[in-house]
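Novice: First the structure, then my questions, so here it is.
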Amino acid sequence: MAGFLLRRLGSLAFVLWAMTVLVFAIVHLLPGSVAHMILGEYATNEAIATLEAKLGLNDPLPVQYWRWFSGLLGGDFGQSLTMERPAGPVILEALGRSAVLAGVSIVLVAVIGVSLGIHSAVHKGSATDRALTLGQYFFIAVPEFFWCILVILFFAVWLGWLPATGYTPIADGGVTGWAKHLVLPVSTLVLGLIAHVSRLTRSSMLEAIESRYVLAARAKGLPERLVLRRHALPNALLPTITVLAVDIGILIGGIVVVESVFAYPGLGRMLVYAIDNQDLPLMMGGMIVITAVYALANLAADILYAVLNPRIRVGGTAA
Amino acid sequence: MSGAAGAATPARRRLPRTLVIGLVIVGVIALLAALGPWIAPHDPDAFAMRMRLRPPSLARPFGTDEFGRDVFSRVLAGAHYSLLMGFGATAISLAIGVPLGLLAALHRGWVEEVIMRGVDLMISLPPVLLGLLILAVTEPGLFKTILAVGLVYVPIMTRLARAVALELLAENFVEAARARGEGAWHILAREIMPNAWPPLIVETALRITFAILLGSALSFLGLGPQPPASEWGLMIAESRPFIAEAPWIGLAPGLCLCLLLIAVNVAGEGLRDLLDPRLRGRGHG
């Protein structure tokens, strides 16, 4: 297990380093002058030259890269170009708020998605199973940004129950005010993912139920509940964990969209803001932080998988 | 063993209903997109300030937007964007990903190592982020969006092509071709490709849905075709300030987008049932 962990941590460090190279390369090597981009098309040559000197854009690229990368290692993301404050704290604050959104969503997706999937598999062919299967088609196909419009129309405009957009810190609006602003973004985020997870859980659960070890457990005369819980479920959950890790990637994409629509001041909205305003330090820092979070989430999924899967667990200790 | 598609029984050869339904809907949308400029009742970009925010009526089935433009004509004029993004981007990821995957499968060693590490790296970035990264520093536009979406899905195609090719390389008929002394190109063209395409086609079909989704999401964020283009994602984004007083501006393109996505998805699953019944219900995640 220790060897497995070390190897995974090593590759994680490599991925993050490679990502800094990739982000830096794409931002600096694509055609177009960075200073020109920031100042817009009517900038004078002097203004461009001043800004290039200020940002150190005339240094050779490896020097620029090293300045940025060594800063990152020390937790310094550079100065935001549009906010007159260091990018690091801006990114961290946004990350915290996005983490709330993502955390609540992933827990809901796992709990609701897995339970619906199990229910469908155990009651295969029933009316609920068929309704869920049909619903899944629909929920997977509807884009997040359109869900946003639909839930705003339904809950904010038509029913008037919830605020359509915005964010209230707990300090200002109390827990209720804070939570109210979370309901719509979270429900938009989870709808498609619940469908995705429940569909996969259903098929892997069905596969487990039809397997020989479940047949053997039934033949022993175990009660059906025990057969399902002890024998079918643990095996059926393994692929679900892999899918949850994939879904975290989709969730991050969803967060970018959902935060923009609901004006929720998280990392996704910050990233879109940084792109719109060509705030490069903010944008590059945001990209790196999101990659790191995604890589860590995948690592967590791998560890969970290894812990739950006896075959990998045994192999890991033997190695 | 089961590699040859020709081994399917006549009963399996019948087209799945899902494939037919999906293809018909996609076909109708494609036809409308192609005929759009000729059958649109109004100029999709013409302002009519006295006709602002009119609700749907017989003359204007989807109402008008904040500039008095006919939403129905705009939806019609925008249909080709989603189709181009979905099919174009998928074609790009196929054209780059499959050769890379085959190369990795045939040249085990450092070539494979470099390609697959690159793939791992690209996959370690969430898809939307990779698209954002590519679009962030260039001027947005339709073809850049298509390219960005296409590049995002290259690693998945590479992985799949490599896995399929590796599986086939271990088959007896490839072994036999090798024993006959056939060259690498012959084996690739005659033995691998004819048997590799069913899983590749199935994955491609399912990818189109994701490509349309990602493309329209990027457009929604303002990183696709620019106004006054009536790309559906962009139309939905522009409708937001008027959501309370004129919800039809966003609902019309949104519902059309959903219809297209469901149709493509359904057709893709039908295609999977037709070409690769083994994959059915198998959680290959």
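Each chain in the structure tokens gets a letter, A, B, ..., in the order shown, and its residues are numbered from 1; ligands are numbered from 1 in order too.
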Can you work out which residues from chain A touch chain B at a cut-off of 7 Å (counting only C-alpha atoms) and hand them back as a list in words?
Specialist: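 Listed by rising number, the hits are Val15, Val27, Phe138, Ala141, Val142, Pro143, Phe145, Phe146, Val157, Leu200, Ser203, Ser204, Pro239, Thr242, Val243, Gly249, Ile250, Ile252, Gly253, Ile275, Thr291 and Ala295 of chain A.
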Novice: Excluding region 231-238 of chain A and its own-chain neighbours fewer than 6 positions away, which residues fall within 6 Å of it when counting only C-alpha atoms? Please give them as number ranges by chain.
Specialist: A: 204-205, 208-209
Novice: Next, write the just-selected residues to a file, as a tab-separated table (two decimals), in the first residue's frame, keeping all heavy atoms as the atom set.
Specialist:
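out_33.tsv was written with the following content:
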```tsv
chain	number	residue	atom	x	y	z
A	204	SER	N	-23.98	-2.24	-13.15
A	204	SER	CA	-22.99	-3.08	-12.46
A	204	SER	C	-23.67	-3.92	-11.37
A	204	SER	O	-23.25	-5.04	-11.08
A	204	SER	CB	-21.85	-2.24	-11.88
A	204	SER	OG	-22.34	-1.26	-11.03
A	205	MET	N	-24.74	-3.37	-10.78
A	205	MET	CA	-25.48	-4.13	-9.77
A	205	MET	C	-26.18	-5.33	-10.43
A	205	MET	O	-26.19	-6.42	-9.88
A	205	MET	CB	-26.51	-3.19	-9.12
A	205	MET	CG	-27.23	-3.78	-7.94
A	205	MET	SD	-26.15	-3.92	-6.48
A	205	MET	CE	-27.28	-4.71	-5.35
A	208	ALA	N	-23.71	-7.96	-11.02
A	208	ALA	CA	-23.38	-8.67	-9.77
A	208	ALA	C	-24.50	-9.63	-9.38
A	208	ALA	O	-24.25	-10.77	-8.98
A	208	ALA	CB	-23.14	-7.65	-8.66
A	209	ILE	N	-25.77	-9.16	-9.52
A	209	ILE	CA	-26.89	-10.00	-9.11
A	209	ILE	C	-26.94	-11.28	-9.94
A	209	ILE	O	-27.29	-12.35	-9.44
A	209	ILE	CB	-28.23	-9.21	-9.25
A	209	ILE	CG1	-28.31	-8.15	-8.15
A	209	ILE	CG2	-29.43	-10.15	-9.15
A	209	ILE	CD1	-29.51	-7.26	-8.26
```
Novice: Quick one: everything within 12 Å of Phe77 (chain A), counting only C-alpha atoms, minus sequence neighbours fewer than 2 positions away in the same chain. Send it as a PDB file with N, CA, C and O atoms, in the first residue's frame.
Specialist:
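part-v5.pdb was written with the following content:
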```pdb
ATOM      1  N   THR A  20       1.946  22.929 -15.340  1.00  0.00           N
ATOM      2  CA  THR A  20       2.460  24.310 -15.314  1.00  0.00           C
ATOM      3  C   THR A  20       3.154  24.631 -16.630  1.00  0.00           C
ATOM      4  O   THR A  20       2.989  25.712 -17.173  1.00  0.00           O
ATOM      5  N   ARG A  67      10.414  32.206 -13.123  1.00  0.00           N
ATOM      6  CA  ARG A  67       9.925  33.206 -12.162  1.00  0.00           C
ATOM      7  C   ARG A  67       8.524  32.817 -11.682  1.00  0.00           C
ATOM      8  O   ARG A  67       8.218  32.825 -10.495  1.00  0.00           O
ATOM      9  N   TRP A  68       7.686  32.434 -12.649  1.00  0.00           N
ATOM     10  CA  TRP A  68       6.311  32.078 -12.302  1.00  0.00           C
ATOM     11  C   TRP A  68       6.277  30.788 -11.494  1.00  0.00           C
ATOM     12  O   TRP A  68       5.618  30.690 -10.458  1.00  0.00           O
ATOM     13  N   PHE A  69       7.026  29.777 -11.961  1.00  0.00           N
ATOM     14  CA  PHE A  69       6.982  28.454 -11.330  1.00  0.00           C
ATOM     15  C   PHE A  69       7.560  28.491  -9.913  1.00  0.00           C
ATOM     16  O   PHE A  69       6.977  27.925  -8.977  1.00  0.00           O
ATOM     17  N   SER A  70       8.696  29.183  -9.733  1.00  0.00           N
ATOM     18  CA  SER A  70       9.274  29.225  -8.389  1.00  0.00           C
ATOM     19  C   SER A  70       8.334  29.996  -7.459  1.00  0.00           C
ATOM     20  O   SER A  70       8.223  29.678  -6.266  1.00  0.00           O
ATOM     21  N   GLY A  71       7.635  31.003  -8.015  1.00  0.00           N
ATOM     22  CA  GLY A  71       6.626  31.696  -7.223  1.00  0.00           C
ATOM     23  C   GLY A  71       5.545  30.737  -6.758  1.00  0.00           C
ATOM     24  O   GLY A  71       5.177  30.701  -5.584  1.00  0.00           O
ATOM     25  N   LEU A  72       5.039  29.907  -7.708  1.00  0.00           N
ATOM     26  CA  LEU A  72       3.984  28.929  -7.380  1.00  0.00           C
ATOM     27  C   LEU A  72       4.420  28.017  -6.243  1.00  0.00           C
ATOM     28  O   LEU A  72       3.660  27.750  -5.314  1.00  0.00           O
ATOM     29  N   LEU A  73       5.675  27.554  -6.322  1.00  0.00           N
ATOM     30  CA  LEU A  73       6.171  26.633  -5.295  1.00  0.00           C
ATOM     31  C   LEU A  73       6.115  27.295  -3.927  1.00  0.00           C
ATOM     32  O   LEU A  73       5.824  26.645  -2.921  1.00  0.00           O
ATOM     33  N   GLY A  74       6.379  28.606  -3.890  1.00  0.00           N
ATOM     34  CA  GLY A  74       6.316  29.314  -2.619  1.00  0.00           C
ATOM     35  C   GLY A  74       4.919  29.834  -2.307  1.00  0.00           C
ATOM     36  O   GLY A  74       4.750  30.626  -1.388  1.00  0.00           O
ATOM     37  N   GLY A  75       3.925  29.417  -3.102  1.00  0.00           N
ATOM     38  CA  GLY A  75       2.553  29.842  -2.834  1.00  0.00           C
ATOM     39  C   GLY A  75       2.251  31.237  -3.367  1.00  0.00           C
ATOM     40  O   GLY A  75       1.239  31.838  -3.035  1.00  0.00           O
ATOM     41  N   GLN A  79       0.738  38.876  -9.132  1.00  0.00           N
ATOM     42  CA  GLN A  79      -0.192  39.963  -8.862  1.00  0.00           C
ATOM     43  C   GLN A  79      -1.321  39.925  -9.888  1.00  0.00           C
ATOM     44  O   GLN A  79      -1.062  39.831 -11.079  1.00  0.00           O
ATOM     45  N   SER A  80      -2.561  39.980  -9.400  1.00  0.00           N
ATOM     46  CA  SER A  80      -3.676  40.034 -10.347  1.00  0.00           C
ATOM     47  C   SER A  80      -3.574  41.316 -11.157  1.00  0.00           C
ATOM     48  O   SER A  80      -3.242  42.378 -10.627  1.00  0.00           O
ATOM     49  N   LEU A  81      -3.846  41.216 -12.463  1.00  0.00           N
ATOM     50  CA  LEU A  81      -3.681  42.389 -13.315  1.00  0.00           C
ATOM     51  C   LEU A  81      -4.848  43.353 -13.188  1.00  0.00           C
ATOM     52  O   LEU A  81      -4.722  44.522 -13.486  1.00  0.00           O
ATOM     53  N   ARG A  85      -4.457  43.255  -6.366  1.00  0.00           N
ATOM     54  CA  ARG A  85      -4.085  42.482  -5.182  1.00  0.00           C
ATOM     55  C   ARG A  85      -3.490  41.158  -5.632  1.00  0.00           C
ATOM     56  O   ARG A  85      -3.659  40.772  -6.787  1.00  0.00           O
ATOM     57  N   PRO A  86      -2.735  40.478  -4.731  1.00  0.00           N
ATOM     58  CA  PRO A  86      -2.110  39.229  -5.147  1.00  0.00           C
ATOM     59  C   PRO A  86      -3.168  38.217  -5.583  1.00  0.00           C
ATOM     60  O   PRO A  86      -4.267  38.176  -5.014  1.00  0.00           O
ATOM     61  N   ALA A  87      -2.837  37.423  -6.600  1.00  0.00           N
ATOM     62  CA  ALA A  87      -3.816  36.473  -7.126  1.00  0.00           C
ATOM     63  C   ALA A  87      -4.082  35.335  -6.144  1.00  0.00           C
ATOM     64  O   ALA A  87      -5.182  34.797  -6.090  1.00  0.00           O
ATOM     65  N   GLY A  88      -3.062  34.959  -5.356  1.00  0.00           N
ATOM     66  CA  GLY A  88      -3.182  33.814  -4.451  1.00  0.00           C
ATOM     67  C   GLY A  88      -4.411  33.863  -3.555  1.00  0.00           C
ATOM     68  O   GLY A  88      -5.255  32.963  -3.603  1.00  0.00           O
ATOM     69  N   PRO A  89      -4.554  34.902  -2.711  1.00  0.00           N
ATOM     70  CA  PRO A  89      -5.719  34.971  -1.826  1.00  0.00           C
ATOM     71  C   PRO A  89      -7.041  34.974  -2.592  1.00  0.00           C
ATOM     72  O   PRO A  89      -8.015  34.345  -2.154  1.00  0.00           O
ATOM     73  N   VAL A  90      -7.072  35.669  -3.741  1.00  0.00           N
ATOM     74  CA  VAL A  90      -8.304  35.694  -4.543  1.00  0.00           C
ATOM     75  C   VAL A  90      -8.685  34.267  -4.925  1.00  0.00           C
ATOM     76  O   VAL A  90      -9.838  33.839  -4.790  1.00  0.00           O
ATOM     77  N   ILE A  91      -7.677  33.514  -5.402  1.00  0.00           N
ATOM     78  CA  ILE A  91      -7.930  32.138  -5.831  1.00  0.00           C
ATOM     79  C   ILE A  91      -8.375  31.276  -4.651  1.00  0.00           C
ATOM     80  O   ILE A  91      -9.331  30.509  -4.751  1.00  0.00           O
ATOM     81  N   LEU A  92      -7.710  31.448  -3.512  1.00  0.00           N
ATOM     82  CA  LEU A  92      -8.047  30.621  -2.349  1.00  0.00           C
ATOM     83  C   LEU A  92      -9.467  30.862  -1.861  1.00  0.00           C
ATOM     84  O   LEU A  92     -10.206  29.923  -1.567  1.00  0.00           O
ATOM     85  N   ASP A 279      -6.810  38.520 -17.384  1.00  0.00           N
ATOM     86  CA  ASP A 279      -6.007  38.596 -16.168  1.00  0.00           C
ATOM     87  C   ASP A 279      -5.187  37.302 -16.080  1.00  0.00           C
ATOM     88  O   ASP A 279      -5.599  36.319 -15.463  1.00  0.00           O
ATOM     89  N   LEU A 280      -4.027  37.318 -16.721  1.00  0.00           N
ATOM     90  CA  LEU A 280      -3.285  36.071 -16.893  1.00  0.00           C
ATOM     91  C   LEU A 280      -2.841  35.400 -15.592  1.00  0.00           C
ATOM     92  O   LEU A 280      -3.001  34.190 -15.449  1.00  0.00           O
ATOM     93  N   PRO A 281      -2.268  36.125 -14.622  1.00  0.00           N
ATOM     94  CA  PRO A 281      -1.844  35.430 -13.393  1.00  0.00           C
ATOM     95  C   PRO A 281      -3.015  34.723 -12.717  1.00  0.00           C
ATOM     96  O   PRO A 281      -2.893  33.581 -12.252  1.00  0.00           O
ATOM     97  N   LEU A 282      -4.162  35.398 -12.682  1.00  0.00           N
ATOM     98  CA  LEU A 282      -5.353  34.819 -12.064  1.00  0.00           C
ATOM     99  C   LEU A 282      -5.786  33.574 -12.832  1.00  0.00           C
ATOM    100  O   LEU A 282      -6.110  32.532 -12.257  1.00  0.00           O
ATOM    101  N   MET A 283      -5.765  33.689 -14.168  1.00  0.00           N
ATOM    102  CA  MET A 283      -6.209  32.583 -15.011  1.00  0.00           C
ATOM    103  C   MET A 283      -5.277  31.381 -14.875  1.00  0.00           C
ATOM    104  O   MET A 283      -5.721  30.251 -14.643  1.00  0.00           O
ATOM    105  N   MET A 284      -3.965  31.637 -14.978  1.00  0.00           N
ATOM    106  CA  MET A 284      -3.014  30.526 -14.914  1.00  0.00           C
ATOM    107  C   MET A 284      -3.050  29.880 -13.531  1.00  0.00           C
ATOM    108  O   MET A 284      -3.058  28.648 -13.410  1.00  0.00           O
ATOM    109  N   GLY A 285      -3.105  30.709 -12.490  1.00  0.00           N
ATOM    110  CA  GLY A 285      -3.182  30.170 -11.134  1.00  0.00           C
ATOM    111  C   GLY A 285      -4.435  29.343 -10.935  1.00  0.00           C
ATOM    112  O   GLY A 285      -4.401  28.243 -10.380  1.00  0.00           O
ATOM    113  N   GLY A 286      -5.562  29.880 -11.428  1.00  0.00           N
ATOM    114  CA  GLY A 286      -6.829  29.159 -11.288  1.00  0.00           C
ATOM    115  C   GLY A 286      -6.771  27.797 -11.969  1.00  0.00           C
ATOM    116  O   GLY A 286      -7.213  26.784 -11.421  1.00  0.00           O
ATOM    117  N   MET A 287      -6.193  27.766 -13.177  1.00  0.00           N
ATOM    118  CA  MET A 287      -6.075  26.500 -13.918  1.00  0.00           C
ATOM    119  C   MET A 287      -5.259  25.487 -13.114  1.00  0.00           C
ATOM    120  O   MET A 287      -5.627  24.321 -13.000  1.00  0.00           O
ATOM    121  N   ILE A 288      -4.126  25.940 -12.576  1.00  0.00           N
ATOM    122  CA  ILE A 288      -3.255  25.030 -11.832  1.00  0.00           C
ATOM    123  C   ILE A 288      -3.975  24.502 -10.596  1.00  0.00           C
ATOM    124  O   ILE A 288      -3.923  23.298 -10.297  1.00  0.00           O
ATOM    125  N   VAL A 289      -4.666  25.401  -9.891  1.00  0.00           N
ATOM    126  CA  VAL A 289      -5.354  24.968  -8.669  1.00  0.00           C
ATOM    127  C   VAL A 289      -6.437  23.947  -9.006  1.00  0.00           C
ATOM    128  O   VAL A 289      -6.569  22.914  -8.335  1.00  0.00           O
TER     129      VAL A 289
END
```
Novice: In terms of the shortest atom-to-atom distance over only C-alpha atoms, which of B:Ile208, B:Val75, B:Leu15, B:Ile39 is closest to Leu234 (chain B)?
Specialist: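 Of B:Ile208, B:Val75, B:Leu15, B:Ile39, the one nearest Leu234 (chain B) is B:Val75, counting only C-alpha atoms.
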Novice: Among region 46-170 of chain A, which residues carry a DSSP assignment of alpha helix (DSSP H), reported as an mmCIF file with C-alpha atoms, in the first residue's frame?
Specialist:
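Now in out-v8.cif:
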```cif
data_model
loop_
_atom_site.group_PDB
_atom_site.id
_atom_site.type_symbol
_atom_site.label_atom_id
_atom_site.label_comp_id
_atom_site.auth_asym_id
_atom_site.auth_seq_id
_atom_site.Cartn_x
_atom_site.Cartn_y
_atom_site.Cartn_z
ATOM 1 C CA GLU A 46 4.547 52.919 -25.770
ATOM 2 C CA ALA A 47 1.807 51.584 -23.514
ATOM 3 C CA ILE A 48 2.532 48.090 -24.764
ATOM 4 C CA ALA A 49 6.257 48.507 -24.193
ATOM 5 C CA THR A 50 5.696 49.834 -20.646
ATOM 6 C CA LEU A 51 3.427 46.958 -19.755
ATOM 7 C CA GLU A 52 5.797 44.417 -21.288
ATOM 8 C CA ALA A 53 8.615 45.828 -19.156
ATOM 9 C CA LYS A 54 6.404 45.824 -16.035
ATOM 10 C CA LEU A 55 5.374 42.202 -16.540
ATOM 11 C CA LEU A 61 10.627 32.509 -21.869
ATOM 12 C CA PRO A 62 12.526 30.046 -19.624
ATOM 13 C CA VAL A 63 13.348 32.933 -17.275
ATOM 14 C CA GLN A 64 9.704 33.996 -17.237
ATOM 15 C CA TYR A 65 8.613 30.434 -16.658
ATOM 16 C CA TRP A 66 11.040 29.961 -13.798
ATOM 17 C CA ARG A 67 9.925 33.206 -12.162
ATOM 18 C CA TRP A 68 6.311 32.078 -12.302
ATOM 19 C CA PHE A 69 6.982 28.454 -11.330
ATOM 20 C CA SER A 70 9.274 29.225 -8.389
ATOM 21 C CA GLY A 71 6.626 31.696 -7.223
ATOM 22 C CA LEU A 72 3.984 28.929 -7.380
ATOM 23 C CA LEU A 73 6.171 26.633 -5.295
ATOM 24 C CA ALA A 87 -3.816 36.473 -7.126
ATOM 25 C CA GLY A 88 -3.182 33.814 -4.451
ATOM 26 C CA PRO A 89 -5.719 34.971 -1.826
ATOM 27 C CA VAL A 90 -8.304 35.694 -4.543
ATOM 28 C CA ILE A 91 -7.930 32.138 -5.831
ATOM 29 C CA LEU A 92 -8.047 30.621 -2.349
ATOM 30 C CA GLU A 93 -11.228 32.446 -1.344
ATOM 31 C CA ALA A 94 -12.900 31.403 -4.582
ATOM 32 C CA LEU A 95 -11.656 27.838 -4.124
ATOM 33 C CA GLY A 96 -13.213 27.658 -0.669
ATOM 34 C CA ARG A 97 -16.632 28.702 -1.953
ATOM 35 C CA SER A 98 -16.426 26.303 -4.906
ATOM 36 C CA ALA A 99 -15.371 23.496 -2.578
ATOM 37 C CA VAL A 100 -18.633 23.918 -0.646
ATOM 38 C CA LEU A 101 -20.590 23.685 -3.882
ATOM 39 C CA ALA A 102 -18.623 20.676 -5.139
ATOM 40 C CA GLY A 103 -18.571 18.869 -1.781
ATOM 41 C CA VAL A 104 -22.316 19.078 -1.234
ATOM 42 C CA SER A 105 -22.928 18.048 -4.840
ATOM 43 C CA ILE A 106 -20.661 15.022 -4.874
ATOM 44 C CA VAL A 107 -22.140 13.684 -1.630
ATOM 45 C CA LEU A 108 -25.661 14.103 -3.002
ATOM 46 C CA VAL A 109 -24.676 12.487 -6.302
ATOM 47 C CA ALA A 110 -23.087 9.502 -4.571
ATOM 48 C CA VAL A 111 -25.925 8.906 -2.101
ATOM 49 C CA ILE A 112 -28.904 9.544 -4.396
ATOM 50 C CA GLY A 113 -27.291 8.121 -7.536
ATOM 51 C CA VAL A 114 -26.225 4.867 -5.896
ATOM 52 C CA SER A 115 -29.541 4.344 -4.094
ATOM 53 C CA LEU A 116 -31.563 4.955 -7.244
ATOM 54 C CA GLY A 117 -29.294 2.620 -9.199
ATOM 55 C CA ILE A 118 -29.640 -0.163 -6.629
ATOM 56 C CA HIS A 119 -33.383 0.327 -6.486
ATOM 57 C CA SER A 120 -33.619 0.074 -10.284
ATOM 58 C CA ALA A 121 -31.468 -3.047 -10.410
ATOM 59 C CA VAL A 122 -33.260 -4.864 -7.608
ATOM 60 C CA ALA A 127 -42.543 0.847 -13.359
ATOM 61 C CA THR A 128 -40.057 2.857 -11.263
ATOM 62 C CA ASP A 129 -37.132 1.206 -13.037
ATOM 63 C CA ARG A 130 -38.532 2.072 -16.423
ATOM 64 C CA ALA A 131 -39.374 5.630 -15.366
ATOM 65 C CA LEU A 132 -35.848 6.091 -13.992
ATOM 66 C CA THR A 133 -34.245 4.695 -17.141
ATOM 67 C CA LEU A 134 -36.283 7.026 -19.314
ATOM 68 C CA GLY A 135 -35.535 9.942 -16.991
ATOM 69 C CA GLN A 136 -31.826 9.227 -17.216
ATOM 70 C CA TYR A 137 -31.842 9.708 -20.971
ATOM 71 C CA PHE A 138 -33.377 13.082 -20.478
ATOM 72 C CA PHE A 139 -31.262 14.219 -17.544
ATOM 73 C CA ILE A 140 -27.973 13.221 -19.160
ATOM 74 C CA ALA A 141 -28.813 14.990 -22.398
ATOM 75 C CA GLU A 144 -26.138 22.260 -17.395
ATOM 76 C CA PHE A 145 -26.539 25.800 -18.615
ATOM 77 C CA PHE A 146 -30.034 25.008 -19.825
ATOM 78 C CA TRP A 147 -30.890 23.377 -16.505
ATOM 79 C CA CYS A 148 -29.839 26.640 -14.898
ATOM 80 C CA ILE A 149 -32.371 28.516 -16.998
ATOM 81 C CA LEU A 150 -35.101 25.967 -16.228
ATOM 82 C CA VAL A 151 -34.578 25.944 -12.445
ATOM 83 C CA ILE A 170 -22.842 33.180 6.559
#
```
Novice: Choose the residue, out of A:Glu259, A:Asp302, A:Glu84, A:Asp76, that has the smallest atom-to-atom separation from Leu184 (chain A); count only C-alpha atoms.
Specialist: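 Closest to Leu184 (chain A), using only C-alpha atoms: A:Glu259.
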Novice: As an exercise, work out the distance from CA of Ala165 (chain B) to CA of Pro194 (chain B) in Å and give it to one decimal place.
Specialist: 10.9 Å
Novice: So the first atom is CA of Val119 (chain B) and the second is CA of Ala104 (chain B); what is the distance between them in Å, to one decimal place?
Specialist: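 A separation of 11.0 Å between them.
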Novice: Give me the residues near Gly68 (chain B) as a PyMOL selection string, where near means some atom within 12 Å (using only C-alpha atoms) and where sequence neighbours in that chain fewer than 2 positions away do not count.
Specialist: chain B and resi 42-55+60+62-66+70-74+246+249
Novice: Rounded to one decimal, what separation in Å do you get between CA of Ala77 (chain B) and CA of Ala33 (chain B)?
Specialist: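 Between CA of Ala77 (chain B) and CA of Ala33 (chain B) the gap is 6.7 Å.
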